[in-house]
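Note sheet for the following structure.
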Amino acid sequence: MKKLFLVCLITTLGFFCFAGENARLESVVKAYNQKDYNGVKQLIEEIRKDQNITTDERLFCLIYESKNELDSTTATANADRVKSTAESVLKNLQKEESSVRNSRLPGLADSYYYLVLYCNIQLNNSSKAFEAYYRIENPDESAVYLAAWGYFSLEKDYVKTEQVLKEFLTKTGRVDFKNPDNRLIYAKALLKNGKYSEAENFYSMLYEDKKLSNDEIFEYAKLLFVQEKYQSAEVKAKESKHPLADYLCGLCAVNTKQWRNAEQYLKSYLSKNASVYGYVDSSTYYQAYAVYKQGRYKEAYKLFSNFANSTTELTFARSAYELAAKCAVLDSDFKSAAVEAEKLIKISFKDEEKQKATLFCAEIYIDCKEYDKAYNLLSQYTYDKSDFALECWKLIADIYVKTSDIERADTVYSRIIKDYPRTDEAEEASYKRGEIYYTNQKYQKAAECYSSYISKYPNGKYLESSYYFGGESYLKSKQYEKSVSLNKNLIVKFPKSIYTYGAYKNLFEAYYTLENMSEAQKTADFMMNNYKNQAISDGIPAKLKVIGNVKNGASKEMAEKQAEYETKGGTFTVEGRLAGYELFMMYVKDDNRTEAKKIAGPLYNSNAKRDAREYYYLGKIAEFYAKGEQGTKQAEYYLKAVEYYRLSSKDTSSEEAVALYSAVDAFLKDKKTADARETANVLKKLYPDSRQAKNVDKLF
């Protein structure tokens with residue numbers, strides 16, 4: 001700023017008094033404007049020799065003589081000489097203040113006070129300088145600059161700096177300064193006063209006009225940074241070549257999530273300038289953070305851990321330990337994560353910090369499955385009813401949930417409900433009681449807990465899911481009427497719920513199981529009309545066929561087996577045929593020979609390759625056919641049944657013995673004695689100990 005001030009003085013030192021038509025004075029002005037300092041000095045000496053010199057001429061000469069001396073000294077001497085000259089000039093000026101006030105020469109007083117202002121600024125007499133400034137009636141930009149510089153550099157009063165400059169613009173009706181030095185100091189004052197947008201406008205103009213030094217370009221970059229214009233700030237910082245440029249660029253890259261660039265900038269800064277310019281801790285921390293965000297967790301862990309162990313900045317250390325622990329977890333190094341979390345607790349001295357660190361460490365232990373350590377750490381803080389104790393109880397409940405100790409988890413949730421009533425945590429605990437039992441397939445208990453939540457929190461945040469999972473829990477525990485009630489409430493209260501389809505599905509299952517086929521069909525029809533794809537996927541069309549068959553008089557069991565037979569492919573698949581055999585057996589048991597015969601024909605006559613499981617049922621069908629025949633034809637079916645039974649993987653010796661005996665009897669009724677005798681011998685040979693073998697000869 002000092003250098004800037006001196007340059008400004010040489011080029012713009014204000015002068016307001018007019019020589020009028022006085023030729024001698026005009027010659028002085030002309031010489032001064034031509035920077036002919038020796039010429040000015042000679043002309044003034046000549047005027048002073050005139051015995052008829054007027055007071056105004058004498059004062060005029062004093063001002064120009066002073067101005068000449070200050071300018072010539074400023075242009076050639078060092079700062080100490082300038083200060084000495086200013087002190088001498090000011091002393092001479094002060095002797096004439098009363099005469100100046102009485103002068104009628106236009107602009108004389110303004111010129112006088114301008115010089116007094118300048119001298120006092122050089123001598124750091126800010127109060128005297130400002131007193132002189134406010135006596136100038138029409139200050140020009142050079143006078144405004146001197147006053148602004150005094151407030152900015154000497155007083156550090158940035159508000160007053162802005163005020164002086166703004167008053168000048170207002171008074172002159174201008175929006176900008178002709179002198180770029182005024183524009184710059186105004187921009188600096190706006191920046192100091194936090195008026196970033198206004199400051200940026202002036203910095204931008206100065207930058208475009210190439211009026212900013214490298215340091216000032218860097219200052220411009222910082223201004224852009226605080227306005228979160230990170231990309232522009234990065235460009236300007238690099239252009240400035242400032243020693244802190246890499247550091248600022250690194251921070252810009254962090255904020256724009258250009259993690260690789262951030263790492264490289266900060267690494268460069270640390271290797272070159274950090275030891276001189278500082279910011280070692282923040283640079284090291286953010287370099288590690290950039291590595292962490294790139295997913296290089298092992299490397300980031302080492303950087304954070306080493307930094308945390310070496311830094312004296314507590315805030316950075318705490319954050320570094322926490323991130324080191326997170327990196328270790330992400331690298332599946334849970335042991336190291338626990339070590340860093342423990343260190344975090346040790347350097348957390350404030351209650352809030354220590355509590356946060358304790359919970360964090362406990363969560364790490366839980367991730368490591370070190371449940372005993374987590375419990376021991378947390379349990380020591382559960383002896384009061386503080387908010388921190390509540391957070392500890394929540395994690396302890398989580399431990400029990402993860403270890404499937406649901407009874408203890410339920411006990412903790414119940415304690416939270418009791419000790420922290422009318423809190424969000426109590427409501428959540430009430431809901432989670434149902435959740436833990438549902439997850440562990442304890443549906444009866446889950447249903448009770450969900451119902452308890454619904455009763456206690458009729459407008460609760462978990463009401464929707466409680467209706468659904470409660471209704472499903474009742475369904476799974478075979479309390480169908482209660483399931484219907486909760487699922488219907490869900491549909492009415494939350495028609496656009498994500499659980500709506502599930503609720504209809506549960507309703508259908510409940511009605512169907514209760515054999516309330518009318519309501520089941522209504523529900524199924526609604527599902528097909530509104531959730532067709534899901535309903536088809538869940539087999540609803542097949543269930544509708546069952547309902548139709550039941551309504552036509554079939555039993556539910558038979559209707560379901562018929563649907564299964566058709567759904568599984570009928571005679572074209574093994575599973576379909578097996579379902580068909582079971583349906584056949586159900587008709588036989590029900591003594592419905594007509595339906596049994598309908599299903600038996602396609603199964604018995606199929607040309608498909610048979611599965612070993614089918615032969616037992618084929619034997620049963622052969623026996624079924626035998627009972628509808630007489631004589632030799634009947635015997636042939638019985639013998640076919642024996643053939644199928646013997647191919648079966650089951651032990652069918654008793655069935656085979658009965659079929660052989662029945663075949664003997666059928667042959668005899670058709671007077672086929674030889675065939676009967678041969679069959680009887682087979683029976684006695686294969687199953688000699690059977691009742692049929694012992695009695696077969698009585699048939700002859």
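Ordering of the structure tokens sets the chain letters (A, B, ...), residue numbers begin anew at 1 in every chain, and ligands are numbered from 1 in the order given.
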DSSP on the backbone, then: every residue of region 280-354 of chain A marked helix (DSSP H, G or I), written as a PyMOL selection string. chain A and resi 280-293+297-310+314-330+334-346+351-354
Identify, on the basis of only C-alpha atoms, every residue whose closest approach to Ser305 (chain A) does not exceed 9 Å; exclude the query and any residue fewer than 3 positions from it along the same chain; express the result as an mmCIF file with N, CA and C atoms, in the first residue's frame.
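File written: around-v3.cif
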```cif
data_model
loop_
_atom_site.group_PDB
_atom_site.id
_atom_site.type_symbol
_atom_site.label_atom_id
_atom_site.label_comp_id
_atom_site.auth_asym_id
_atom_site.auth_seq_id
_atom_site.Cartn_x
_atom_site.Cartn_y
_atom_site.Cartn_z
ATOM 1 N N ALA A 300 -5.140 -43.435 2.670
ATOM 2 C CA ALA A 300 -5.759 -42.344 3.425
ATOM 3 C C ALA A 300 -5.695 -42.619 4.924
ATOM 4 N N TYR A 301 -5.881 -43.877 5.298
ATOM 5 C CA TYR A 301 -5.807 -44.239 6.720
ATOM 6 C C TYR A 301 -4.438 -43.861 7.302
ATOM 7 N N LYS A 302 -3.386 -44.186 6.585
ATOM 8 C CA LYS A 302 -2.037 -43.872 7.080
ATOM 9 C C LYS A 302 -1.827 -42.364 7.183
ATOM 10 N N ALA A 308 -2.930 -37.120 12.609
ATOM 11 C CA ALA A 308 -3.606 -36.977 13.905
ATOM 12 C C ALA A 308 -2.631 -37.138 15.061
ATOM 13 N N ASN A 309 -1.651 -38.011 14.885
ATOM 14 C CA ASN A 309 -0.671 -38.248 15.954
ATOM 15 C C ASN A 309 0.355 -37.121 16.078
ATOM 16 N N SER A 310 0.468 -36.288 15.029
ATOM 17 C CA SER A 310 1.512 -35.264 15.041
ATOM 18 C C SER A 310 0.989 -33.841 15.223
ATOM 19 N N ALA A 317 -7.160 -32.860 14.721
ATOM 20 C CA ALA A 317 -6.802 -34.195 15.224
ATOM 21 C C ALA A 317 -8.040 -35.051 15.416
ATOM 22 N N ALA A 320 -9.407 -36.064 12.113
ATOM 23 C CA ALA A 320 -8.502 -37.009 11.453
ATOM 24 C C ALA A 320 -8.635 -38.406 12.052
ATOM 25 N N TYR A 321 -8.735 -38.500 13.381
ATOM 26 C CA TYR A 321 -8.923 -39.819 13.998
ATOM 27 C C TYR A 321 -10.226 -40.462 13.538
ATOM 28 N N LEU A 323 -11.878 -39.900 10.700
ATOM 29 C CA LEU A 323 -11.783 -40.322 9.311
ATOM 30 C C LEU A 323 -10.819 -41.496 9.144
ATOM 31 N N ALA A 324 -9.785 -41.533 9.965
ATOM 32 C CA ALA A 324 -8.876 -42.684 9.923
ATOM 33 C C ALA A 324 -9.641 -43.958 10.255
ATOM 34 N N ALA A 325 -10.499 -43.867 11.268
ATOM 35 C CA ALA A 325 -11.311 -45.030 11.657
ATOM 36 C C ALA A 325 -12.243 -45.433 10.518
ATOM 37 N N GLU A 340 -8.179 -46.273 16.318
ATOM 38 C CA GLU A 340 -8.348 -44.842 16.026
ATOM 39 C C GLU A 340 -9.553 -44.269 16.778
#
```
Mind checking which residues fall within 10 Å of Gly631 (chain A), counting only C-alpha atoms, ignoring those fewer than 4 positions away in the same chain, and posting them as a ChimeraX atom specification? /A:626,635-636,663-672
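Relative to CA of Ile399 (chain A), CA of Lys369 (chain A) is found at 8.9 Å.
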List the neighbours of Lys195 (chain A) out to 12 Å using only C-alpha atoms; skip same-chain residues closer than 5 positions along the sequence, and give me the result as a PDB file with N, CA, C and O atoms, in the first residue's frame.
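Saved as result20.pdb:
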```
ATOM      1  N   TYR A 158     -12.278   0.005   8.016  1.00  0.00           N
ATOM      2  CA  TYR A 158     -12.688  -0.293   6.647  1.00  0.00           C
ATOM      3  C   TYR A 158     -14.083   0.250   6.337  1.00  0.00           C
ATOM      4  O   TYR A 158     -14.378   0.579   5.184  1.00  0.00           O
ATOM      5  N   VAL A 159     -14.900   0.349   7.349  1.00  0.00           N
ATOM      6  CA  VAL A 159     -16.229   0.926   7.150  1.00  0.00           C
ATOM      7  C   VAL A 159     -16.104   2.395   6.762  1.00  0.00           C
ATOM      8  O   VAL A 159     -16.760   2.877   5.831  1.00  0.00           O
ATOM      9  N   GLU A 162     -14.765   2.821   3.182  1.00  0.00           N
ATOM     10  CA  GLU A 162     -15.843   2.675   2.205  1.00  0.00           C
ATOM     11  C   GLU A 162     -16.723   3.921   2.185  1.00  0.00           C
ATOM     12  O   GLU A 162     -17.111   4.411   1.110  1.00  0.00           O
ATOM     13  N   TYR A 186     -11.196   0.989  -2.813  1.00  0.00           N
ATOM     14  CA  TYR A 186     -12.641   0.811  -2.577  1.00  0.00           C
ATOM     15  C   TYR A 186     -12.988  -0.683  -2.612  1.00  0.00           C
ATOM     16  O   TYR A 186     -13.733  -1.183  -1.765  1.00  0.00           O
ATOM     17  N   ALA A 187     -12.415  -1.385  -3.584  1.00  0.00           N
ATOM     18  CA  ALA A 187     -12.652  -2.826  -3.682  1.00  0.00           C
ATOM     19  C   ALA A 187     -12.143  -3.541  -2.434  1.00  0.00           C
ATOM     20  O   ALA A 187     -12.802  -4.429  -1.887  1.00  0.00           O
ATOM     21  N   LYS A 188     -10.959  -3.118  -1.960  1.00  0.00           N
ATOM     22  CA  LYS A 188     -10.394  -3.737  -0.763  1.00  0.00           C
ATOM     23  C   LYS A 188     -11.269  -3.482   0.465  1.00  0.00           C
ATOM     24  O   LYS A 188     -11.461  -4.363   1.309  1.00  0.00           O
ATOM     25  N   ALA A 189     -11.792  -2.257   0.562  1.00  0.00           N
ATOM     26  CA  ALA A 189     -12.647  -1.925   1.704  1.00  0.00           C
ATOM     27  C   ALA A 189     -13.943  -2.736   1.663  1.00  0.00           C
ATOM     28  O   ALA A 189     -14.408  -3.256   2.689  1.00  0.00           O
ATOM     29  N   LEU A 190     -14.533  -2.850   0.472  1.00  0.00           N
ATOM     30  CA  LEU A 190     -15.757  -3.655   0.328  1.00  0.00           C
ATOM     31  C   LEU A 190     -15.494  -5.105   0.719  1.00  0.00           C
ATOM     32  O   LEU A 190     -16.316  -5.753   1.375  1.00  0.00           O
ATOM     33  N   GLU A 200     -16.399  -7.730  -5.852  1.00  0.00           N
ATOM     34  CA  GLU A 200     -16.035  -8.481  -7.053  1.00  0.00           C
ATOM     35  C   GLU A 200     -16.191  -7.622  -8.308  1.00  0.00           C
ATOM     36  O   GLU A 200     -15.379  -7.710  -9.235  1.00  0.00           O
ATOM     37  N   ASN A 201     -17.221  -6.778  -8.354  1.00  0.00           N
ATOM     38  CA  ASN A 201     -17.426  -5.926  -9.529  1.00  0.00           C
ATOM     39  C   ASN A 201     -16.206  -5.043  -9.786  1.00  0.00           C
ATOM     40  O   ASN A 201     -15.762  -4.890 -10.931  1.00  0.00           O
ATOM     41  N   PHE A 202     -15.670  -4.467  -8.704  1.00  0.00           N
ATOM     42  CA  PHE A 202     -14.524  -3.568  -8.858  1.00  0.00           C
ATOM     43  C   PHE A 202     -13.244  -4.343  -9.148  1.00  0.00           C
ATOM     44  O   PHE A 202     -12.423  -3.922  -9.963  1.00  0.00           O
ATOM     45  N   LEU A 223     -11.385 -13.691  -2.958  1.00  0.00           N
ATOM     46  CA  LEU A 223     -12.738 -13.133  -2.970  1.00  0.00           C
ATOM     47  C   LEU A 223     -13.691 -14.064  -3.715  1.00  0.00           C
ATOM     48  O   LEU A 223     -14.816 -14.320  -3.263  1.00  0.00           O
ATOM     49  N   LEU A 224     -13.247 -14.589  -4.835  1.00  0.00           N
ATOM     50  CA  LEU A 224     -14.070 -15.532  -5.590  1.00  0.00           C
ATOM     51  C   LEU A 224     -14.312 -16.805  -4.787  1.00  0.00           C
ATOM     52  O   LEU A 224     -15.397 -17.386  -4.821  1.00  0.00           O
ATOM     53  N   VAL A 226     -14.492 -17.170  -1.466  1.00  0.00           N
ATOM     54  CA  VAL A 226     -15.477 -17.013  -0.384  1.00  0.00           C
ATOM     55  C   VAL A 226     -16.891 -16.903  -0.942  1.00  0.00           C
ATOM     56  O   VAL A 226     -17.867 -17.126  -0.219  1.00  0.00           O
ATOM     57  N   GLN A 227     -16.997 -16.581  -2.251  1.00  0.00           N
ATOM     58  CA  GLN A 227     -18.318 -16.550  -2.881  1.00  0.00           C
ATOM     59  C   GLN A 227     -18.667 -17.899  -3.523  1.00  0.00           C
ATOM     60  O   GLN A 227     -19.653 -18.011  -4.240  1.00  0.00           O
TER      61      GLN A 227
END
```
